[in-house]
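In what follows, a single structure is set out as structure tokens and then discussed.
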Amino acid sequence: MSDSGCFCFQCVRQQEVGVVEDLGQFKTLLNPGLHCILWPVTNIVGRLSLRIQQLDVICETKTKDNVFVQVAVAVQYRILLDGAYDAYYRLSDPRGQIQSYVFDVIRSTVPKMELDEAFASKADIAEATLSQLQDVMKDYGYEILTTLVTDLAPDSRVKASMNEINASKRLKEAASHKAEADKIRQVKAAEAEAEARYLSGLGVARQRKAIVQGLQASVSEFSDEVDGAKPKDVMDILLLSQYFDTLSTVGANSLILEHDPQTVANLQQQVGKSFLQQGLSA
């Protein structure tokens, strides 16, 4: 059936309310169901939905640091049954009215914030919008359920610059971590090399100590077993043996070395003088 009231029976759907006028004057509100009206004297001039509705508003404004942004706000509202009269007769364009108040709140709140602060304060912007709309629209029979800031979009060039700043910051952190890792690796390598040299020196010292002890034992045993042999004679024999071993090792490497039998005596005298000087200095 049409709203013009061709018949005296009219239906109002669930979650709707019918506005009835009698000769152009408001008469009553009709609840959902079947109703009988006296047409053409009485007529249903309008139907209001009591369902929750959503209005999407996009507002462009400027932040405190002079960056233009587009703020998208979703307003969810509904008509109160007790306020259906005010909703129908007092407002000709409720959606436009809500949009105007959203513009007013956004353009008075966001300019007080810098861009980064605006991104972090979306909940505060939504709360300010909700508080303003609830106080105003309640007098017109509308209940504002919630407001959501669904998007806050600066210019594409600003987005690109923000991404570059973030990327540069992360590259700087990565370079710092890499340098720290290289430093640790070099320190550990130096510590390992120092430890290796220490152990190598310790091994050489132990080797020389073992050689000296072996020579000492050889001299002592030879002196005890051979009558008339002096420790000096034994040392001369051992020194000559070591000299021949050295010549054999050098000759294996195809090196030409001048040989003089007097070399052994000179070497013995030099070693003796060295030990003597060390004893005097001590």
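Following the order of the structure tokens, chains are lettered A, B, ..., residues in each are numbered from 1, and ligands are numbered from 1.
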Write out as a VMD selection string all residues of region 6-241 of chain A that DSSP puts in strand (DSSP E) for this structure's backbone. chain A and resid 9 to 12 16 to 22 25 to 30 33 to 36 42 to 49 53 to 62 68 to 79 142 to 154
Residues of region 115-150 of chain A that have any atom at most 10 Å from an atom of region 96-99 of chain A: could you tabulate them with the shortest-distance atom pair and the distance in Å to one decimal, using only C-alpha atoms, ordered by chain and increasing number, as a Markdown table?
| residue | atom | partner | partner_atom | distance |
| --- | --- | --- | --- | --- |
| A:Leu133 | CA | A:Ile98 | CA | 7.2 |
| A:Val136 | CA | A:Ile98 | CA | 9.2 |
| A:Met137 | CA | A:Ile98 | CA | 7.9 |
| A:Ile144 | CA | A:Ile98 | CA | 9.6 |
In region 21-241 of chain A, what's alpha helix (DSSP H) per DSSP? Answer as a ChimeraX atom specification? /A:84-89,94-109,115-120,122-137,156-225,231-241
Between A:Ala84, A:Ala153, A:Val102, A:Leu91, single out the one closest to Gly141 (chain A), counting only C-alpha atoms.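 Closest candidate: A:Ala84.
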Which distance in Å separates CA of Ser131 (chain A) and CA of Val73 (chain A), to one decimal?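 Answer for the CA of Ser131 (chain A) to CA of Val73 (chain A) separation: 13.9 Å.
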Proximity to Ile106 (chain A) - best of A:Glu127, A:Asp182, A:Asp86, A:Thr61, only C-alpha atoms: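 Residue with the minimum atom-to-atom distance to Ile106 (chain A): A:Thr61.
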Quick check, in Å to one decimal: how far apart do CA of Ala87 (chain A) and CA of Glu60 (chain A) lie?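 About the pair CA of Ala87 (chain A) and CA of Glu60 (chain A): they are 28.6 Å apart.
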May I have the residues within 12 Å of Gln54 (chain A) as a PyMOL selection string, using only C-alpha atoms and disregarding those fewer than 2 positions away in the same chain? chain A and resi 51-52+56-57+73-79+95+98-99+143-148
Restrict the selected residues to N, CA and C atoms and save them as a compact mmCIF listing (two decimals), in the first residue's frame.
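Produced file out34.txt, reproduced below:
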# COMPACT_ATOMS: atom_id res chain seq x y z
N ARG A 51 16.10 1.79 13.09
CA ARG A 51 17.33 1.00 13.00
C ARG A 51 18.56 1.90 13.15
N ILE A 52 19.67 1.25 13.50
CA ILE A 52 20.94 1.98 13.60
C ILE A 52 21.43 2.32 12.20
N ASP A 56 28.99 8.38 6.92
CA ASP A 56 30.44 8.52 6.71
C ASP A 56 30.74 9.94 6.28
N VAL A 57 31.63 10.58 7.03
CA VAL A 57 31.98 11.98 6.79
C VAL A 57 33.49 12.07 6.54
N VAL A 73 35.43 10.03 9.30
CA VAL A 73 34.72 9.75 10.55
C VAL A 73 33.42 9.01 10.21
N ALA A 74 33.17 7.92 10.92
CA ALA A 74 31.92 7.16 10.78
C ALA A 74 31.06 7.41 12.02
N VAL A 75 29.86 7.93 11.81
CA VAL A 75 28.94 8.25 12.90
C VAL A 75 27.78 7.26 12.85
N GLN A 76 27.58 6.53 13.93
CA GLN A 76 26.47 5.58 14.04
C GLN A 76 25.41 6.18 14.97
N TYR A 77 24.18 6.24 14.46
CA TYR A 77 23.11 6.91 15.20
C TYR A 77 21.79 6.20 14.95
N ARG A 78 20.78 6.57 15.73
CA ARG A 78 19.44 6.06 15.53
C ARG A 78 18.44 7.07 16.07
N ILE A 79 17.16 6.92 15.63
CA ILE A 79 16.09 7.80 16.11
C ILE A 79 15.47 7.18 17.36
N ARG A 95 21.12 14.32 8.39
CA ARG A 95 22.45 13.89 8.00
C ARG A 95 23.36 15.09 7.73
N ILE A 98 24.34 16.54 11.16
CA ILE A 98 25.39 15.76 11.81
C ILE A 98 26.74 16.03 11.14
N GLN A 99 26.73 16.10 9.81
CA GLN A 99 27.96 16.34 9.08
C GLN A 99 28.56 17.71 9.44
N GLU A 143 19.86 9.65 18.88
CA GLU A 143 20.85 9.13 19.80
C GLU A 143 22.11 8.79 19.00
N ILE A 144 23.23 9.41 19.37
CA ILE A 144 24.51 9.12 18.73
C ILE A 144 25.17 7.98 19.52
N LEU A 145 25.30 6.83 18.88
CA LEU A 145 25.83 5.65 19.58
C LEU A 145 27.35 5.68 19.67
N THR A 146 28.01 5.95 18.57
CA THR A 146 29.46 5.98 18.58
C THR A 146 29.97 6.74 17.37
N THR A 147 31.18 7.23 17.49
CA THR A 147 31.88 7.86 16.37
C THR A 147 33.27 7.21 16.25
N LEU A 148 33.65 6.90 15.03
CA LEU A 148 34.93 6.22 14.79
C LEU A 148 35.73 7.00 13.76
Spatial neighbours of Ser108 (chain A), max dist 12 Å, only C-alpha atoms, sep filter under 2 positions, as a list in words: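 That gives Cys59, Glu60, Thr61, Lys62, Thr63, Lys64, Tyr101, Val102, Phe103, Asp104, Val105, Ile106, Val110, Pro111, Lys112, Met113, Ile125, Ala128, Thr129 and Gln132 of chain A.
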Selected residues, C-alpha atoms, written as a compact mmCIF listing (two decimals), in the first residue's frame, please.
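File produced: out.txt:
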# COMPACT_ATOMS: atom_id res chain seq x y z
CA CYS A 59 36.73 16.30 6.41
CA GLU A 60 39.91 18.01 5.19
CA THR A 61 41.81 20.08 7.71
CA LYS A 62 45.33 21.19 8.67
CA THR A 63 47.51 20.06 11.55
CA LYS A 64 49.61 22.24 13.83
CA TYR A 101 28.90 19.28 13.62
CA VAL A 102 31.53 16.70 12.65
CA PHE A 103 33.26 19.29 10.47
CA ASP A 104 33.18 21.79 13.35
CA VAL A 105 34.73 19.39 15.87
CA ILE A 106 37.40 18.04 13.51
CA VAL A 110 43.06 18.51 14.75
CA PRO A 111 44.72 21.95 14.15
CA LYS A 112 45.88 21.84 17.79
CA MET A 113 47.90 18.66 17.13
CA ILE A 125 39.28 12.97 18.23
CA ALA A 128 35.41 14.80 21.22
CA THR A 129 33.15 14.30 18.19
CA GLN A 132 29.60 17.18 20.87
